[in-house]
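What's in target_1.pdb: PDB, C-alpha atoms and all ligand atoms
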```
ATOM      1  CA  MET A  82      63.477  96.444 142.009  1.00  0.00           C
ATOM      2  CA  THR A  83      67.115  97.405 141.459  1.00  0.00           C
ATOM      3  CA  ASP A  84      69.312  97.084 138.365  1.00  0.00           C
ATOM      4  CA  GLN A  85      71.376  94.548 140.329  1.00  0.00           C
ATOM      5  CA  GLN A  86      68.289  92.363 140.843  1.00  0.00           C
ATOM      6  CA  LEU A  87      67.636  92.461 137.077  1.00  0.00           C
ATOM      7  CA  GLN A  88      71.242  91.458 136.396  1.00  0.00           C
ATOM      8  CA  ASP A  89      70.882  88.605 138.909  1.00  0.00           C
ATOM      9  CA  GLN A  90      67.785  87.452 137.031  1.00  0.00           C
ATOM     10  CA  LEU A  91      69.689  87.351 133.733  1.00  0.00           C
ATOM     11  CA  LYS A  92      72.547  85.464 135.429  1.00  0.00           C
ATOM     12  CA  TYR A  93      69.998  82.902 136.656  1.00  0.00           C
ATOM     13  CA  TYR A  94      68.853  82.251 133.069  1.00  0.00           C
ATOM     14  CA  LYS A  95      72.449  81.916 131.860  1.00  0.00           C
ATOM     15  CA  GLU A  96      72.955  79.212 134.496  1.00  0.00           C
ATOM     16  CA  ARG A  97      69.607  77.559 133.865  1.00  0.00           C
ATOM     17  CA  ALA A  98      70.051  77.383 130.078  1.00  0.00           C
ATOM     18  CA  PRO A  99      71.004  73.662 129.807  1.00  0.00           C
ATOM     19  CA  GLU A 100      68.083  72.575 131.988  1.00  0.00           C
ATOM     20  CA  TYR A 101      65.482  75.175 130.898  1.00  0.00           C
ATOM     21  CA  ASP A 102      63.570  73.047 128.386  1.00  0.00           C
ATOM     22  CA  ASP A 103      62.739  70.389 131.006  1.00  0.00           C
ATOM     23  CA  TRP A 104      60.101  72.827 132.291  1.00  0.00           C
ATOM     24  CA  TRP A 105      58.531  73.312 128.860  1.00  0.00           C
ATOM     25  CA  TYR A 106      58.488  69.620 127.942  1.00  0.00           C
ATOM     26  CA  ARG A 107      57.403  68.505 131.460  1.00  0.00           C
ATOM     27  CA  ARG A 108      60.521  66.385 131.986  1.00  0.00           C
ATOM     28  CA  GLY A 109      62.266  65.342 135.203  1.00  0.00           C
ATOM     29  CA  THR A 110      60.934  67.148 138.279  1.00  0.00           C
ATOM     30  CA  PHE A 111      58.419  69.045 136.070  1.00  0.00           C
ATOM     31  CA  ASN A 112      56.680  65.826 135.072  1.00  0.00           C
ATOM     32  CA  GLN A 113      53.319  66.061 136.867  1.00  0.00           C
ATOM     33  CA  GLY A 114      51.884  62.815 135.512  1.00  0.00           C
ATOM     34  CA  ASP A 115      50.080  61.952 132.293  1.00  0.00           C
ATOM     35  CA  GLU A 116      46.807  63.720 133.064  1.00  0.00           C
ATOM     36  CA  ALA A 117      48.283  67.069 134.164  1.00  0.00           C
ATOM     37  CA  ASN A 118      50.913  66.985 131.406  1.00  0.00           C
ATOM     38  CA  GLN A 119      48.192  66.387 128.803  1.00  0.00           C
ATOM     39  CA  ILE A 120      46.285  69.446 130.050  1.00  0.00           C
ATOM     40  CA  TRP A 121      49.515  71.493 129.783  1.00  0.00           C
ATOM     41  CA  PHE A 122      50.142  70.389 126.176  1.00  0.00           C
ATOM     42  CA  ASP A 123      46.467  70.765 125.193  1.00  0.00           C
ATOM     43  CA  GLU A 124      46.375  74.324 126.527  1.00  0.00           C
ATOM     44  CA  ILE A 125      49.553  75.150 124.586  1.00  0.00           C
ATOM     45  CA  SER A 126      47.923  73.729 121.425  1.00  0.00           C
ATOM     46  CA  THR A 127      44.875  75.920 121.978  1.00  0.00           C
ATOM     47  CA  ILE A 128      47.071  79.020 122.234  1.00  0.00           C
ATOM     48  CA  LYS A 129      49.172  78.044 119.214  1.00  0.00           C
ATOM     49  CA  ASP A 130      45.933  77.644 117.205  1.00  0.00           C
ATOM     50  CA  ALA A 131      44.762  81.095 118.360  1.00  0.00           C
ATOM     51  CA  PHE A 132      48.128  82.549 117.317  1.00  0.00           C
ATOM     52  CA  LYS A 133      48.081  80.836 113.897  1.00  0.00           C
ATOM     53  CA  ALA A 134      44.518  82.033 113.222  1.00  0.00           C
ATOM     54  CA  GLU A 135      45.729  85.651 113.391  1.00  0.00           C
ATOM     55  CA  HIS A 136      48.130  85.275 110.433  1.00  0.00           C
ATOM     56  CA  PHE A 137      51.127  87.063 111.916  1.00  0.00           C
ATOM     57  CA  HIS A 138      53.595  87.855 109.145  1.00  0.00           C
ATOM     58  CA  GLY A 139      56.406  89.959 107.712  1.00  0.00           C
ATOM     59  CA  ASP A 140      59.264  91.399 109.752  1.00  0.00           C
ATOM     60  CA  PHE A 141      58.806  89.573 113.054  1.00  0.00           C
ATOM     61  CA  LEU A 142      60.498  90.485 116.353  1.00  0.00           C
ATOM     62  CA  GLU A 143      60.696  88.037 119.269  1.00  0.00           C
ATOM     63  CA  LEU A 144      61.860  89.525 122.574  1.00  0.00           C
ATOM     64  CA  ALA A 145      63.507  87.296 125.237  1.00  0.00           C
ATOM     65  CA  ALA A 146      63.460  84.371 122.789  1.00  0.00           C
ATOM     66  CA  GLY A 147      65.559  82.115 125.023  1.00  0.00           C
ATOM     67  CA  THR A 148      65.900  78.463 124.000  1.00  0.00           C
ATOM     68  CA  GLY A 149      63.302  78.986 121.287  1.00  0.00           C
ATOM     69  CA  THR A 150      60.293  77.134 122.637  1.00  0.00           C
ATOM     70  CA  TRP A 151      58.184  79.455 120.427  1.00  0.00           C
ATOM     71  CA  SER A 152      60.758  80.713 117.893  1.00  0.00           C
ATOM     72  CA  SER A 153      60.214  77.904 115.353  1.00  0.00           C
ATOM     73  CA  LEU A 154      56.501  78.650 115.217  1.00  0.00           C
ATOM     74  CA  PHE A 155      57.194  82.376 114.781  1.00  0.00           C
ATOM     75  CA  LEU A 156      59.732  81.668 112.032  1.00  0.00           C
ATOM     76  CA  LYS A 157      57.046  79.786 110.040  1.00  0.00           C
ATOM     77  CA  GLU A 158      55.009  83.002 109.852  1.00  0.00           C
ATOM     78  CA  ALA A 159      57.906  85.445 109.407  1.00  0.00           C
ATOM     79  CA  LEU A 160      59.674  86.826 106.389  1.00  0.00           C
ATOM     80  CA  ILE A 161      62.605  87.699 108.628  1.00  0.00           C
ATOM     81  CA  LEU A 162      62.654  86.819 112.336  1.00  0.00           C
ATOM     82  CA  THR A 163      64.733  88.989 114.688  1.00  0.00           C
ATOM     83  CA  ILE A 164      65.318  87.415 118.102  1.00  0.00           C
ATOM     84  CA  VAL A 165      66.628  89.353 121.083  1.00  0.00           C
ATOM     85  CA  ASP A 166      67.841  87.899 124.378  1.00  0.00           C
ATOM     86  CA  GLY A 167      70.428  88.864 126.986  1.00  0.00           C
ATOM     87  CA  SER A 168      71.777  85.335 127.342  1.00  0.00           C
ATOM     88  CA  GLU A 169      74.053  83.745 124.776  1.00  0.00           C
ATOM     89  CA  GLU A 170      73.719  80.559 126.822  1.00  0.00           C
ATOM     90  CA  MET A 171      69.911  80.443 126.366  1.00  0.00           C
ATOM     91  CA  LEU A 172      70.213  81.323 122.659  1.00  0.00           C
ATOM     92  CA  SER A 173      72.762  78.544 122.124  1.00  0.00           C
ATOM     93  CA  HIS A 174      69.840  76.081 122.554  1.00  0.00           C
ATOM     94  CA  ASN A 175      67.531  77.996 120.186  1.00  0.00           C
ATOM     95  CA  PRO A 176      67.070  75.973 116.960  1.00  0.00           C
ATOM     96  CA  VAL A 177      66.305  78.988 114.753  1.00  0.00           C
ATOM     97  CA  VAL A 178      69.609  80.801 115.380  1.00  0.00           C
ATOM     98  CA  SER A 179      71.294  79.019 112.469  1.00  0.00           C
ATOM     99  CA  GLU A 180      68.473  79.718 109.987  1.00  0.00           C
ATOM    100  CA  PRO A 181      69.306  82.135 107.141  1.00  0.00           C
ATOM    101  CA  ASN A 182      66.339  84.461 107.666  1.00  0.00           C
ATOM    102  CA  VAL A 183      66.960  84.888 111.411  1.00  0.00           C
ATOM    103  CA  ARG A 184      68.779  87.870 112.907  1.00  0.00           C
ATOM    104  CA  THR A 185      70.063  87.314 116.445  1.00  0.00           C
ATOM    105  CA  ILE A 186      70.693  90.190 118.846  1.00  0.00           C
ATOM    106  CA  ILE A 187      72.243  89.681 122.281  1.00  0.00           C
ATOM    107  CA  ALA A 188      71.137  92.657 124.358  1.00  0.00           C
ATOM    108  CA  ASP A 189      69.740  93.722 127.692  1.00  0.00           C
ATOM    109  CA  LEU A 190      66.046  94.382 127.113  1.00  0.00           C
ATOM    110  CA  PHE A 191      65.978  96.984 129.860  1.00  0.00           C
ATOM    111  CA  SER A 192      68.179  99.262 127.744  1.00  0.00           C
ATOM    112  CA  TRP A 193      67.665  97.932 124.178  1.00  0.00           C
ATOM    113  CA  SER A 194      65.689  99.942 121.651  1.00  0.00           C
ATOM    114  CA  PRO A 195      64.590  98.875 118.165  1.00  0.00           C
ATOM    115  CA  ASP A 196      66.481  99.891 115.014  1.00  0.00           C
ATOM    116  CA  GLN A 197      63.528  99.302 112.680  1.00  0.00           C
ATOM    117  CA  LEU A 198      59.749  98.822 112.662  1.00  0.00           C
ATOM    118  CA  TYR A 199      58.124  95.390 112.685  1.00  0.00           C
ATOM    119  CA  ASP A 200      54.882  93.853 111.400  1.00  0.00           C
ATOM    120  CA  SER A 201      54.769  91.453 114.345  1.00  0.00           C
ATOM    121  CA  VAL A 202      56.170  91.395 117.884  1.00  0.00           C
ATOM    122  CA  ALA A 203      55.982  88.516 120.391  1.00  0.00           C
ATOM    123  CA  PHE A 204      57.324  87.727 123.849  1.00  0.00           C
ATOM    124  CA  THR A 205      56.722  84.462 125.639  1.00  0.00           C
ATOM    125  CA  PHE A 206      57.139  83.984 129.389  1.00  0.00           C
ATOM    126  CA  TRP A 207      58.756  87.403 129.666  1.00  0.00           C
ATOM    127  CA  ILE A 208      56.321  89.939 131.125  1.00  0.00           C
ATOM    128  CA  SER A 209      56.022  88.021 134.399  1.00  0.00           C
ATOM    129  CA  HIS A 210      59.749  88.789 134.823  1.00  0.00           C
ATOM    130  CA  LEU A 211      59.203  92.550 134.537  1.00  0.00           C
ATOM    131  CA  PRO A 212      59.123  94.662 137.668  1.00  0.00           C
ATOM    132  CA  ARG A 213      55.630  96.124 138.048  1.00  0.00           C
ATOM    133  CA  GLU A 214      57.056  99.653 137.737  1.00  0.00           C
ATOM    134  CA  ARG A 215      58.590  98.762 134.344  1.00  0.00           C
ATOM    135  CA  LEU A 216      55.544  97.196 132.686  1.00  0.00           C
ATOM    136  CA  ALA A 217      54.359 100.470 131.141  1.00  0.00           C
ATOM    137  CA  SER A 218      57.795 101.407 129.778  1.00  0.00           C
ATOM    138  CA  PHE A 219      58.154  97.914 128.312  1.00  0.00           C
ATOM    139  CA  PHE A 220      54.838  98.280 126.452  1.00  0.00           C
ATOM    140  CA  THR A 221      55.935 101.731 125.269  1.00  0.00           C
ATOM    141  CA  MET A 222      58.987 100.068 123.743  1.00  0.00           C
ATOM    142  CA  VAL A 223      56.825  97.343 122.151  1.00  0.00           C
ATOM    143  CA  SER A 224      54.566  99.989 120.639  1.00  0.00           C
ATOM    144  CA  ARG A 225      57.624 101.780 119.242  1.00  0.00           C
ATOM    145  CA  CYS A 226      58.671  98.506 117.571  1.00  0.00           C
ATOM    146  CA  LEU A 227      55.357  98.064 115.733  1.00  0.00           C
ATOM    147  CA  LYS A 228      54.240  99.463 112.394  1.00  0.00           C
ATOM    148  CA  PRO A 229      50.704 100.913 112.429  1.00  0.00           C
ATOM    149  CA  GLY A 230      48.408  97.872 112.250  1.00  0.00           C
ATOM    150  CA  GLY A 231      51.272  95.618 113.374  1.00  0.00           C
ATOM    151  CA  LYS A 232      50.343  92.672 115.600  1.00  0.00           C
ATOM    152  CA  MET A 233      51.567  91.502 118.984  1.00  0.00           C
ATOM    153  CA  PHE A 234      51.330  88.235 120.893  1.00  0.00           C
ATOM    154  CA  PHE A 235      52.328  87.127 124.365  1.00  0.00           C
ATOM    155  CA  ILE A 236      51.928  84.108 126.625  1.00  0.00           C
ATOM    156  CA  ASP A 237      52.847  83.729 130.290  1.00  0.00           C
ATOM    157  CA  ASP A 238      52.118  81.673 133.401  1.00  0.00           C
ATOM    158  CA  ARG A 239      48.910  82.018 135.363  1.00  0.00           C
ATOM    159  CA  GLU A 240      49.664  82.543 139.037  1.00  0.00           C
ATOM    160  CA  VAL A 241      48.009  79.316 140.129  1.00  0.00           C
ATOM    161  CA  ALA A 242      50.389  77.325 137.911  1.00  0.00           C
ATOM    162  CA  GLY A 243      53.517  79.461 138.063  1.00  0.00           C
ATOM    163  CA  THR A 244      53.918  79.276 141.829  1.00  0.00           C
ATOM    164  CA  ARG A 245      53.573  75.476 142.118  1.00  0.00           C
ATOM    165  CA  GLU A 246      56.447  74.330 139.921  1.00  0.00           C
ATOM    166  CA  SER A 247      59.214  72.126 141.321  1.00  0.00           C
ATOM    167  CA  HIS A 248      61.912  74.812 140.960  1.00  0.00           C
ATOM    168  CA  VAL A 249      60.013  77.347 143.114  1.00  0.00           C
ATOM    169  CA  VAL A 250      61.432  77.690 146.622  1.00  0.00           C
ATOM    170  CA  GLY A 251      59.287  80.632 147.723  1.00  0.00           C
ATOM    171  CA  THR A 252      57.780  83.977 146.799  1.00  0.00           C
ATOM    172  CA  SER A 253      57.890  87.416 148.383  1.00  0.00           C
ATOM    173  CA  GLY A 254      56.400  90.568 146.885  1.00  0.00           C
ATOM    174  CA  GLN A 255      57.676  90.894 143.315  1.00  0.00           C
ATOM    175  CA  THR A 256      60.323  88.220 143.754  1.00  0.00           C
ATOM    176  CA  MET A 257      60.537  84.455 143.628  1.00  0.00           C
ATOM    177  CA  VAL A 258      63.364  82.213 144.793  1.00  0.00           C
ATOM    178  CA  ARG A 259      64.164  79.455 142.322  1.00  0.00           C
ATOM    179  CA  LYS A 260      66.489  76.487 142.587  1.00  0.00           C
ATOM    180  CA  LEU A 261      68.715  75.036 139.902  1.00  0.00           C
ATOM    181  CA  ASN A 262      69.440  71.326 139.449  1.00  0.00           C
ATOM    182  CA  ASN A 263      72.809  71.802 141.205  1.00  0.00           C
ATOM    183  CA  GLY A 264      70.961  73.060 144.302  1.00  0.00           C
ATOM    184  CA  ASP A 265      71.957  76.729 143.917  1.00  0.00           C
ATOM    185  CA  HIS A 266      69.242  79.280 144.684  1.00  0.00           C
ATOM    186  CA  ALA A 267      68.551  82.521 142.776  1.00  0.00           C
ATOM    187  CA  THR A 268      66.104  85.362 143.314  1.00  0.00           C
ATOM    188  CA  ILE A 269      64.225  86.507 140.215  1.00  0.00           C
ATOM    189  CA  VAL A 270      61.338  88.880 139.470  1.00  0.00           C
ATOM    190  CA  LYS A 271      57.968  87.168 139.179  1.00  0.00           C
ATOM    191  CA  ASN A 272      54.751  89.129 138.786  1.00  0.00           C
ATOM    192  CA  PHE A 273      51.318  87.961 137.735  1.00  0.00           C
ATOM    193  CA  PHE A 274      49.597  90.906 136.084  1.00  0.00           C
ATOM    194  CA  GLY A 275      45.823  90.957 135.711  1.00  0.00           C
ATOM    195  CA  ASP A 276      44.229  90.593 132.269  1.00  0.00           C
ATOM    196  CA  LYS A 277      42.595  94.021 132.454  1.00  0.00           C
ATOM    197  CA  GLU A 278      45.746  95.642 133.842  1.00  0.00           C
ATOM    198  CA  ILE A 279      47.753  94.460 130.809  1.00  0.00           C
ATOM    199  CA  GLU A 280      44.993  95.459 128.380  1.00  0.00           C
ATOM    200  CA  GLN A 281      44.841  98.958 129.871  1.00  0.00           C
ATOM    201  CA  ILE A 282      48.597  99.498 129.755  1.00  0.00           C
ATOM    202  CA  ALA A 283      48.664  98.287 126.139  1.00  0.00           C
ATOM    203  CA  ALA A 284      45.750 100.607 125.264  1.00  0.00           C
ATOM    204  CA  SER A 285      47.606 103.566 126.796  1.00  0.00           C
ATOM    205  CA  VAL A 286      50.382 103.087 124.214  1.00  0.00           C
ATOM    206  CA  GLY A 287      48.080 102.516 121.235  1.00  0.00           C
ATOM    207  CA  ILE A 288      47.837  98.712 121.256  1.00  0.00           C
ATOM    208  CA  GLU A 289      44.384  97.145 121.307  1.00  0.00           C
ATOM    209  CA  LEU A 290      45.096  93.932 123.184  1.00  0.00           C
ATOM    210  CA  HIS A 291      42.756  91.115 124.231  1.00  0.00           C
ATOM    211  CA  VAL A 292      44.044  89.005 127.107  1.00  0.00           C
ATOM    212  CA  HIS A 293      42.664  85.544 127.897  1.00  0.00           C
ATOM    213  CA  CYS A 294      43.439  82.677 130.256  1.00  0.00           C
ATOM    214  CA  THR A 295      43.364  78.957 129.579  1.00  0.00           C
ATOM    215  CA  PRO A 296      41.566  76.946 132.300  1.00  0.00           C
ATOM    216  CA  LYS A 297      44.686  75.943 134.255  1.00  0.00           C
ATOM    217  CA  TYR A 298      48.114  77.143 133.222  1.00  0.00           C
ATOM    218  CA  PHE A 299      48.427  80.103 130.881  1.00  0.00           C
ATOM    219  CA  GLN A 300      47.566  83.735 130.195  1.00  0.00           C
ATOM    220  CA  TYR A 301      47.947  85.018 126.635  1.00  0.00           C
ATOM    221  CA  GLY A 302      47.172  88.072 124.596  1.00  0.00           C
ATOM    222  CA  ILE A 303      46.771  88.987 120.940  1.00  0.00           C
ATOM    223  CA  GLY A 304      46.494  92.545 119.737  1.00  0.00           C
ATOM    224  CA  SER A 305      47.391  95.153 117.182  1.00  0.00           C
ATOM    225  CA  LYS A 306      48.683  98.693 117.073  1.00  0.00           C
ATOM    226  CA  THR A 307      45.821 101.001 116.290  1.00  0.00           C
ATOM    227  CA  VAL A 308      47.678 104.200 115.402  1.00  0.00           C
TER     228      VAL A 308
HETATM  229  C1  LIG B   1      61.422  82.663 131.159  1.00  0.00           C
HETATM  230  S1  LIG B   1      62.636  82.797 129.901  1.00  0.00           S
HETATM  231  C2  LIG B   1      61.612  82.811 128.449  1.00  0.00           C
HETATM  232  C3  LIG B   1      62.304  82.229 127.260  1.00  0.00           C
HETATM  233  C4  LIG B   1      61.409  81.926 126.057  1.00  0.00           C
HETATM  234  N1  LIG B   1      60.796  83.127 125.557  1.00  0.00           N
HETATM  235  C5  LIG B   1      60.348  80.906 126.409  1.00  0.00           C
HETATM  236  O1  LIG B   1      59.173  81.158 126.188  1.00  0.00           O
HETATM  237  O2  LIG B   1      60.696  79.806 126.852  1.00  0.00           O
HETATM  238  C6  LIG B   1      63.165  84.462 130.055  1.00  0.00           C
HETATM  239  C7  LIG B   1      64.204  84.865 129.039  1.00  0.00           C
HETATM  240  O3  LIG B   1      64.533  86.235 129.265  1.00  0.00           O
HETATM  241  C8  LIG B   1      65.927  86.411 129.099  1.00  0.00           C
HETATM  242  N2  LIG B   1      66.323  87.587 129.881  1.00  0.00           N
HETATM  243  C9  LIG B   1      66.326  87.733 131.224  1.00  0.00           C
HETATM  244  N3  LIG B   1      66.722  88.976 131.566  1.00  0.00           N
HETATM  245  C10 LIG B   1      66.977  89.617 130.399  1.00  0.00           C
HETATM  246  C11 LIG B   1      67.406  90.933 130.081  1.00  0.00           C
HETATM  247  N4  LIG B   1      67.642  91.838 131.030  1.00  0.00           N
HETATM  248  N5  LIG B   1      67.575  91.262 128.776  1.00  0.00           N
HETATM  249  C12 LIG B   1      67.327  90.349 127.796  1.00  0.00           C
HETATM  250  N6  LIG B   1      66.904  89.098 128.044  1.00  0.00           N
HETATM  251  C13 LIG B   1      66.735  88.735 129.328  1.00  0.00           C
HETATM  252  C14 LIG B   1      66.531  85.124 129.603  1.00  0.00           C
HETATM  253  O4  LIG B   1      67.831  84.928 129.096  1.00  0.00           O
HETATM  254  C15 LIG B   1      65.511  84.106 129.111  1.00  0.00           C
HETATM  255  O5  LIG B   1      65.858  83.621 127.837  1.00  0.00           O
END
```
Write-out of the structure in structure tokens:
Amino acid sequence: MTDQQLQDQLKYYKERAPEYDDWWYRRGTFNQGDEANQIWFDEISTIKDAFKAEHFHGDFLELAAGTGTWSSLFLKEALILTIVDGSEEMLSHNPVVSEPNVRTIIADLFSWSPDQLYDSVAFTFWISHLPRERLASFFTMVSRCLKPGGKMFFIDDREVAGTRESHVVGTSGQTMVRKLNNGDHATIVKNFFGDKEIEQIAASVGIELHVHCTPKYFQYGIGSKTV
């Protein structure tokens, strides 16, 4: 995957910003009917409960925070929440940006590096947008962000769900073509990493991570830095 493809991906999110939350809230073309929507929301509740049970706390870093579908939950646990995203347009919809104990950083995550250590790090619906060859370096960066004993959390799409959404035009190798409401098409990175593959990469950088899947839609992981 080239740097240009990663820039194109970020441009896609800048353009998608005003319509992004329709996916999360199952609105418009993402509405799959009461039964399927209920499963979606129930599985999210299960993962939120698993997250809350771990008592994340302290200096909390959220990478690729976007419109903030998870930021409010993270802010409840955090002393100070730092959110990083490359798109001002996505962040303009994030409700936590105006909160006093939130620090907002607009930066390209493929070149950004942390300026402090954190007790907690989270990234939601981000690792599936990493080129396979950059997964290990991303986890190295995450490990560098964490204090010893610090905790991490992620959630992403399971392949079976992520390829059947209404904005998916097609997939090829590491890429997926998506369409926007105005009909424009964009090519983004979309990978579905295996549970064990993610656990092993995390372990190689000192993070003991346990990855799970909900029955239909999501993959998530909770772990901590061991050294
Ligand atoms: C799928 S969205 C996830 C947003 C949010 N975390 C969520 O769960 O809804 C991916 C996010 O990554 C951001 N992003 C894409 N490329 C980026 C890059 N190179 N650097 C920083 N952020 C980037 C986008 O702006 C977008 O907010």
Applied to the shown file, which residues does the PyMOL selection byres (((chain A and resi 202-205) around 10) and not hetatm) return, written as a PDB file with C-alpha atoms, keeping the file's coordinate frame?
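Full text of selection01.pdb as output:
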```pdb
ATOM      1  CA  PHE A 137      51.127  87.063 111.916  1.00  0.00           C
ATOM      2  CA  HIS A 138      53.595  87.855 109.145  1.00  0.00           C
ATOM      3  CA  ASP A 140      59.264  91.399 109.752  1.00  0.00           C
ATOM      4  CA  PHE A 141      58.806  89.573 113.054  1.00  0.00           C
ATOM      5  CA  LEU A 142      60.498  90.485 116.353  1.00  0.00           C
ATOM      6  CA  GLU A 143      60.696  88.037 119.269  1.00  0.00           C
ATOM      7  CA  LEU A 144      61.860  89.525 122.574  1.00  0.00           C
ATOM      8  CA  ALA A 145      63.507  87.296 125.237  1.00  0.00           C
ATOM      9  CA  ALA A 146      63.460  84.371 122.789  1.00  0.00           C
ATOM     10  CA  GLY A 147      65.559  82.115 125.023  1.00  0.00           C
ATOM     11  CA  GLY A 149      63.302  78.986 121.287  1.00  0.00           C
ATOM     12  CA  THR A 150      60.293  77.134 122.637  1.00  0.00           C
ATOM     13  CA  TRP A 151      58.184  79.455 120.427  1.00  0.00           C
ATOM     14  CA  SER A 152      60.758  80.713 117.893  1.00  0.00           C
ATOM     15  CA  PHE A 155      57.194  82.376 114.781  1.00  0.00           C
ATOM     16  CA  LEU A 162      62.654  86.819 112.336  1.00  0.00           C
ATOM     17  CA  THR A 163      64.733  88.989 114.688  1.00  0.00           C
ATOM     18  CA  ILE A 164      65.318  87.415 118.102  1.00  0.00           C
ATOM     19  CA  VAL A 165      66.628  89.353 121.083  1.00  0.00           C
ATOM     20  CA  LEU A 198      59.749  98.822 112.662  1.00  0.00           C
ATOM     21  CA  TYR A 199      58.124  95.390 112.685  1.00  0.00           C
ATOM     22  CA  ASP A 200      54.882  93.853 111.400  1.00  0.00           C
ATOM     23  CA  SER A 201      54.769  91.453 114.345  1.00  0.00           C
ATOM     24  CA  PHE A 206      57.139  83.984 129.389  1.00  0.00           C
ATOM     25  CA  TRP A 207      58.756  87.403 129.666  1.00  0.00           C
ATOM     26  CA  ILE A 208      56.321  89.939 131.125  1.00  0.00           C
ATOM     27  CA  SER A 209      56.022  88.021 134.399  1.00  0.00           C
ATOM     28  CA  VAL A 223      56.825  97.343 122.151  1.00  0.00           C
ATOM     29  CA  SER A 224      54.566  99.989 120.639  1.00  0.00           C
ATOM     30  CA  CYS A 226      58.671  98.506 117.571  1.00  0.00           C
ATOM     31  CA  LEU A 227      55.357  98.064 115.733  1.00  0.00           C
ATOM     32  CA  LYS A 228      54.240  99.463 112.394  1.00  0.00           C
ATOM     33  CA  GLY A 231      51.272  95.618 113.374  1.00  0.00           C
ATOM     34  CA  LYS A 232      50.343  92.672 115.600  1.00  0.00           C
ATOM     35  CA  MET A 233      51.567  91.502 118.984  1.00  0.00           C
ATOM     36  CA  PHE A 234      51.330  88.235 120.893  1.00  0.00           C
ATOM     37  CA  PHE A 235      52.328  87.127 124.365  1.00  0.00           C
ATOM     38  CA  ILE A 236      51.928  84.108 126.625  1.00  0.00           C
ATOM     39  CA  ASP A 237      52.847  83.729 130.290  1.00  0.00           C
ATOM     40  CA  ASP A 238      52.118  81.673 133.401  1.00  0.00           C
ATOM     41  CA  TYR A 301      47.947  85.018 126.635  1.00  0.00           C
ATOM     42  CA  GLY A 302      47.172  88.072 124.596  1.00  0.00           C
ATOM     43  CA  ILE A 303      46.771  88.987 120.940  1.00  0.00           C
ATOM     44  CA  GLY A 304      46.494  92.545 119.737  1.00  0.00           C
ATOM     45  CA  SER A 305      47.391  95.153 117.182  1.00  0.00           C
TER      46      SER A 305
END
```
Written as a compact mmCIF listing (two decimals) with C-alpha atoms, in the frame of the given file, what is the full residue list that the PyMOL selection byres (((chain A and resi 94) around 10) and not hetatm) yields on the file shown?
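Written file, selection.txt:
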```txt
# COMPACT_ATOMS: atom_id res chain seq x y z
CA ASP A 89 70.88 88.60 138.91
CA GLN A 90 67.78 87.45 137.03
CA LEU A 91 69.69 87.35 133.73
CA LYS A 92 72.55 85.46 135.43
CA TYR A 93 70.00 82.90 136.66
CA LYS A 95 72.45 81.92 131.86
CA GLU A 96 72.96 79.21 134.50
CA ARG A 97 69.61 77.56 133.86
CA ALA A 98 70.05 77.38 130.08
CA PRO A 99 71.00 73.66 129.81
CA GLU A 100 68.08 72.58 131.99
CA TYR A 101 65.48 75.18 130.90
CA GLY A 147 65.56 82.12 125.02
CA GLY A 167 70.43 88.86 126.99
CA SER A 168 71.78 85.34 127.34
CA GLU A 169 74.05 83.74 124.78
CA GLU A 170 73.72 80.56 126.82
CA MET A 171 69.91 80.44 126.37
CA LEU A 261 68.72 75.04 139.90
CA ALA A 267 68.55 82.52 142.78
CA ILE A 269 64.22 86.51 140.22
```
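The interatomic distance for the pair CA of Trp121 in chain A and CA of Arg239 in chain A works out to 11.9 Å.
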Applying the PyMOL selection byres (((chain A and resi 186) around 7) and not hetatm) to the file I just gave you, which residues come out? Please list them as a PDB file with C-alpha atoms, keeping the file's coordinate frame.
```pdb
ATOM      1  CA  ILE A 164      65.318  87.415 118.102  1.00  0.00           C
ATOM      2  CA  VAL A 165      66.628  89.353 121.083  1.00  0.00           C
ATOM      3  CA  ASP A 166      67.841  87.899 124.378  1.00  0.00           C
ATOM      4  CA  ARG A 184      68.779  87.870 112.907  1.00  0.00           C
ATOM      5  CA  THR A 185      70.063  87.314 116.445  1.00  0.00           C
ATOM      6  CA  ILE A 187      72.243  89.681 122.281  1.00  0.00           C
ATOM      7  CA  ALA A 188      71.137  92.657 124.358  1.00  0.00           C
TER       8      ALA A 188
END
```
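Remark: for ligand LIG 1 (chain B), the closest of the candidate residues A:Met82, A:Leu172, A:Val250, A:Ile282 is A:Leu172 (distances computed over all atoms listed in the file).
Shortest atom-to-atom contact with ligand LIG 1 (chain B) among A:Glu278, A:Asp189, A:Asp102, A:Asp123: A:Asp189, counting all atoms listed in the file.
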